[in-house]
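K.L.:
I have a structure here, written as structure tokens, and I will follow up with some questions on it.
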Amino acid sequence: MKLSTRIALAVGITVPVLVLAAGWLLLQLFARDLHAQQDAHLRQRAAQVSADARRLLRVTAADRPAAVEQARERQLYATALDVGIRLTGPEGTVSGGPQPSASVPLPKRTPRPVTVEEGNTDWRVLAVPVRGARPGTDGTLWLFSPDTVSQDQLRLVRRRVVSVALFAAPVSGLLGLAVASRASRPLRRLQQRTSGLDPRASAARLDHEPTGVTEVDDLAATLRTVLARYDEQAARTTGALDTARSFASAAAHELRTPLMSMQTNLEILTDHPDLDPRDRTEVLEDLRSEHTRMLGLLVMLRELGRGDLVEADAFGPVDLAEVVDASVAEARRRHPDAEIGLPAMARLTVHGWEPGLRTLVDNLLANALVHGRSPDGRARIEVGLRQGGHASAPVAVLTVDDRGPGIPPERRATVFERFRRGPGSPGSGLGLTLVAQQTALHGGAVRILDGASGPSGLSGPSTPSGGGTRFEVRLPVRGETVPSLPAERDWLIGTARRPQGFHKVGS
């Protein structure tokens, strides 16, 4: 059923009901006014005939001649005029004018007129006490007024109210249909424009100009929002599929070499059971090394995939100092021979993804432990965390200094690329890629600087000027503000138009 038809039916039903309700209220008020007029008339007649009623009771009690008594009765009836009266005293009852029959029970005393029913006739009755000349001669005077005029008027008003309600039903329905049809015209136009939209087959979207009708404009805005969310979700789904394909492709490509090497070593062990123990030990070490490399590669690919698919609702307040402290503690446990300096840090809260921040710090430390060893083979690392920037835009500054050979300026722009490994590196070439990815997801910047000369708090000889490397990561301190994630996250997808669009700055 159309909306305009529903509105027409609702109006066609509501208007007659309102007319009947208003008519009922009007009838009640009209009946009250008519009764008030009758009651005022009865009180006026009661005040006029009360004196004649007392005189009649005195004449009756004094046993005056019948002619005098009859004269008083006529005087009483003449004063009553258009109302019926009934006077009851010790000597009997006299009555005259229109009134109910004697069998109808009457009230003994009423402070105000009341209604008495006799068959289909209603009477307004007022009872007035009349005092005689002496005790024992009191009586009661009733005054009657037929209620037929009021009932006739009320019936006339009732018929007219019902007639108006019956007339209003179809007329209001037709008018409601016409008004609803015109009012719903913008909604029909919106329906026609949206019915041709197919997000799966076309990139065309809703083109809506404000109509001035709040509901229609709000609905159009809602439809635009829904379509935008559909596009966003479709893009995320496409990105997820691309990430899955790239994961499989990268894993297959990067695992081919270690798997072939492992196969070769396994064939050597199988074909040469009498292999020299020293050679067997070397082959087993190669197998263990290749196994570790494959495991690390798979872990890194998984972390890259998680970063490419993370959503904004995974972000929340994170104490960066706690993340750094936990990562340093784990690195010290895994590498007890390394010297990792970590000065006291103040609480520094950022709005971030805690697993991603932990991955960032872990990989910075892992890179320094592998590539930042001093010439004597010892790993001496200094980790720092402080607040920088200015009051309007504070940033968290994380630094990791090592005492390695350093990175030449011309190579610093390439170390964050996928599968970029240094000479003799046992890693997967994805550690610093993960650092750049997480920095970009958190809206920060990473850069490589020359290492600090002789980091404080570390034992051993000072690093010559220009030696060592400093990785510096700057993350905005946003409080509760939800970050805007990069629209194109292609850290794992090698076929993207602009691969690895991370935030990094020159040294």
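Order determines the names: the first chain of the structure tokens is A, the second B, and so forth; residues in each chain are numbered 1 upward, and ligands are numbered 1 upward as they are shown.
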Give me, as a list in words, all polymer residues having an atom no more than 8 Å from A:Val116, counting only C-alpha atoms and skipping those fewer than 4 positions away in the same chain.

P.N.:
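The residues satisfying every condition are Leu106, Asp122, Trp123, Arg124 and Val125 of chain A.
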
K.L.:
Neighbouring residues of stretch 431-436 of chain A were defined as those with any atom within 6 Å, considering only C-alpha atoms; residues of the same chain fewer than 5 positions away were excluded. Please report them as a list in words.

P.N.:
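Surrounding residues, per the criterion: Leu360, Asn363, Phe416, Glu417, Arg418 and Phe502 of chain A.
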
K.L.:
Write out as a PyMOL selection string the set of residues from stretch 79-211 of chain A that DSSP, computed on the backbone, places in strand (DSSP E or B).

P.N.:
chain A and resi 84-89+92-96+114-118+121-130+139-146

K.L.:
Please produce an output containing N, CA and C atoms for each residue in the selection, written as a CSV table (one decimal), in the first residue's frame.

P.N.:
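Once everything was written out, this is part-v1.csv:
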chain,number,residue,atom,x,y,z
A,84,GLY,N,-45.1,23.2,36.7
A,84,GLY,CA,-46.1,22.4,37.5
A,84,GLY,C,-45.7,22.5,39.0
A,85,ILE,N,-46.7,22.4,39.9
A,85,ILE,CA,-46.4,22.5,41.3
A,85,ILE,C,-47.2,21.4,42.0
A,86,ARG,N,-46.6,21.0,43.2
A,86,ARG,CA,-47.3,20.0,44.1
A,86,ARG,C,-46.9,20.4,45.5
A,87,LEU,N,-47.9,20.7,46.3
A,87,LEU,CA,-47.8,21.1,47.7
A,87,LEU,C,-48.4,20.1,48.6
A,88,THR,N,-47.5,19.5,49.5
A,88,THR,CA,-48.0,18.5,50.4
A,88,THR,C,-47.9,19.1,51.8
A,89,GLY,N,-49.0,19.0,52.5
A,89,GLY,CA,-49.0,19.5,53.9
A,89,GLY,C,-49.7,18.5,54.8
A,92,GLY,N,-53.1,17.4,53.4
A,92,GLY,CA,-53.3,16.7,52.1
A,92,GLY,C,-52.4,17.4,51.1
A,93,THR,N,-52.7,17.1,49.8
A,93,THR,CA,-51.8,17.5,48.7
A,93,THR,C,-52.7,18.2,47.7
A,94,VAL,N,-52.1,19.3,47.2
A,94,VAL,CA,-52.7,20.1,46.1
A,94,VAL,C,-51.7,20.1,45.0
A,95,SER,N,-52.1,20.0,43.7
A,95,SER,CA,-51.2,20.1,42.6
A,95,SER,C,-51.8,20.7,41.4
A,96,GLY,N,-51.0,21.2,40.5
A,96,GLY,CA,-51.5,21.8,39.3
A,96,GLY,C,-50.3,21.9,38.3
A,114,VAL,N,-33.1,18.4,40.2
A,114,VAL,CA,-32.6,17.1,39.8
A,114,VAL,C,-33.5,16.6,38.7
A,115,THR,N,-33.1,15.5,38.0
A,115,THR,CA,-33.8,14.9,36.9
A,115,THR,C,-34.6,13.7,37.4
A,116,VAL,N,-35.8,13.6,37.1
A,116,VAL,CA,-36.7,12.5,37.5
A,116,VAL,C,-37.2,11.9,36.2
A,117,GLU,N,-37.1,10.6,36.0
A,117,GLU,CA,-37.6,9.9,34.8
A,117,GLU,C,-38.9,9.2,35.0
A,118,GLU,N,-39.8,9.4,34.0
A,118,GLU,CA,-41.1,8.7,34.0
A,118,GLU,C,-41.3,8.2,32.6
A,121,THR,N,-40.1,10.2,29.5
A,121,THR,CA,-40.1,11.6,29.7
A,121,THR,C,-39.2,11.9,30.9
A,122,ASP,N,-38.5,13.0,30.8
A,122,ASP,CA,-37.6,13.5,31.9
A,122,ASP,C,-38.2,14.7,32.5
A,123,TRP,N,-38.1,14.9,33.8
A,123,TRP,CA,-38.6,16.1,34.5
A,123,TRP,C,-37.4,16.7,35.3
A,124,ARG,N,-37.4,18.0,35.3
A,124,ARG,CA,-36.5,18.7,36.2
A,124,ARG,C,-37.3,19.0,37.4
A,125,VAL,N,-36.9,18.6,38.6
A,125,VAL,CA,-37.6,18.8,39.8
A,125,VAL,C,-36.8,19.5,40.9
A,126,LEU,N,-37.5,20.5,41.6
A,126,LEU,CA,-36.9,21.2,42.7
A,126,LEU,C,-37.8,21.1,43.9
A,127,ALA,N,-37.4,20.6,45.0
A,127,ALA,CA,-38.1,20.5,46.2
A,127,ALA,C,-37.7,21.6,47.2
A,128,VAL,N,-38.8,22.3,47.7
A,128,VAL,CA,-38.5,23.4,48.6
A,128,VAL,C,-39.4,23.2,49.9
A,129,PRO,N,-38.8,23.2,51.0
A,129,PRO,CA,-39.6,23.1,52.3
A,129,PRO,C,-40.3,24.4,52.6
A,130,VAL,N,-41.6,24.2,53.1
A,130,VAL,CA,-42.4,25.4,53.4
A,130,VAL,C,-42.8,25.3,54.8
A,139,GLY,N,-44.8,21.9,55.3
A,139,GLY,CA,-45.0,21.1,54.1
A,139,GLY,C,-43.9,21.2,53.1
A,140,THR,N,-44.1,20.5,52.0
A,140,THR,CA,-43.0,20.5,50.9
A,140,THR,C,-43.7,20.9,49.6
A,141,LEU,N,-43.0,21.8,48.9
A,141,LEU,CA,-43.4,22.3,47.6
A,141,LEU,C,-42.5,21.8,46.6
A,142,TRP,N,-43.0,21.1,45.6
A,142,TRP,CA,-42.3,20.6,44.4
A,142,TRP,C,-42.6,21.4,43.2
A,143,LEU,N,-41.6,21.8,42.4
A,143,LEU,CA,-41.8,22.5,41.2
A,143,LEU,C,-41.3,21.6,40.0
A,144,PHE,N,-42.1,21.5,38.9
A,144,PHE,CA,-41.7,20.6,37.8
A,144,PHE,C,-41.6,21.4,36.5
A,145,SER,N,-40.6,20.9,35.7
A,145,SER,CA,-40.4,21.5,34.4
A,145,SER,C,-40.1,20.3,33.5
A,146,PRO,N,-40.9,20.1,32.4
A,146,PRO,CA,-40.6,19.0,31.5
A,146,PRO,C,-39.2,19.2,30.8

K.L.:
With only C-alpha atoms as the counted atoms, please give the residues lying no more than 12 Å from A:Ala314, apart from itself and same-chain residues fewer than 3 positions off, as number ranges by chain.

P.N.:
A: 306-307, 309-311, 317-318, 351-356, 441-442, 482-483, 485

K.L.:
If you keep C-alpha atoms, can you produce a file of those selected residues as a PDB file, in the first residue's frame?

P.N.:
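The resulting file, selection.pdb, is shown below:
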ATOM      1  CA  ARG A 306      47.749  -7.635  10.048  1.00  0.00           C
ATOM      2  CA  GLY A 307      48.918  -4.050   9.614  1.00  0.00           C
ATOM      3  CA  LEU A 309      43.991  -5.033   7.469  1.00  0.00           C
ATOM      4  CA  VAL A 310      43.745  -3.336  10.879  1.00  0.00           C
ATOM      5  CA  GLU A 311      40.714  -1.069  11.389  1.00  0.00           C
ATOM      6  CA  PRO A 317      44.878   4.827  24.535  1.00  0.00           C
ATOM      7  CA  VAL A 318      48.287   3.144  24.907  1.00  0.00           C
ATOM      8  CA  HIS A 351      46.128   6.764  20.734  1.00  0.00           C
ATOM      9  CA  GLY A 352      47.388   3.706  18.946  1.00  0.00           C
ATOM     10  CA  TRP A 353      47.251  -0.008  18.221  1.00  0.00           C
ATOM     11  CA  GLU A 354      49.209  -1.702  20.989  1.00  0.00           C
ATOM     12  CA  PRO A 355      50.272  -4.850  19.040  1.00  0.00           C
ATOM     13  CA  GLY A 356      51.482  -2.619  16.194  1.00  0.00           C
ATOM     14  CA  LEU A 441      49.440   3.703  10.513  1.00  0.00           C
ATOM     15  CA  HIS A 442      49.929   5.901  13.582  1.00  0.00           C
ATOM     16  CA  VAL A 482      40.849   8.478  16.543  1.00  0.00           C
ATOM     17  CA  PRO A 483      43.557   8.566  13.842  1.00  0.00           C
ATOM     18  CA  LEU A 485      44.275   5.499   8.735  1.00  0.00           C
TER      19      LEU A 485
END

K.L.:
Using Å and a single decimal, report how far atom CA of A:Thr194 sits from atom CA of A:Thr237.

P.N.:
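Interatomic distance here is 23.8 Å.
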
K.L.:
Atom CA of A:Ser101 and atom CA of A:Val83, how far apart in Å?

P.N.:
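About the pair atom CA of A:Val83 and atom CA of A:Ser101: they are 14.8 Å apart.
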
K.L.:
From the options A:Ala331, A:Arg229, A:Val59, A:Leu430, which residue's atoms come nearest to A:Arg302, counting only C-alpha atoms?

P.N.:
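Ranked by minimum distance to A:Arg302, first place goes to A:Leu430.
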
K.L.:
Write out as a ChimeraX atom specification each polymer residue whose atoms come within 12 Å of stretch 8-21 of chain A, counting only C-alpha atoms; drop sequence neighbours fewer than 3 positions from it.

P.N.:
/A:1-5,24-28,157-181

K.L.:
If we count only C-alpha atoms and set the cut-off at 12 Å, which residues sit around A:Gln75, ignoring sequence neighbours fewer than 3 positions away in its own chain? Please answer as JSON, numbers by chain.

P.N.:
{"A": [48, 49, 50, 51, 52, 53, 54, 55, 56, 68, 69, 70, 71, 72, 78, 79, 80, 81, 96]}

K.L.:
If we count only C-alpha atoms and set the cut-off at 9 Å, which residues sit around A:Ala321, ignoring sequence neighbours fewer than 3 positions away in its own chain? Please answer as a PyMOL selection string.

P.N.:
chain A and resi 318+324-326+345-349+385

K.L.:
Could you tell me which of A:Met300, A:Met260, A:Val395, A:Val473 comes closest to A:Leu357 if we count only C-alpha atoms?

P.N.:
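Checking each candidate against A:Leu357, we get A:Val473 as the closest.
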
K.L.:
Could you please determine the separation between atom CA of A:Pro107 and atom CA of A:Leu29 in Å, to one decimal place?

P.N.:
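Between atom CA of A:Pro107 and atom CA of A:Leu29 the gap works out to 25.7 Å.
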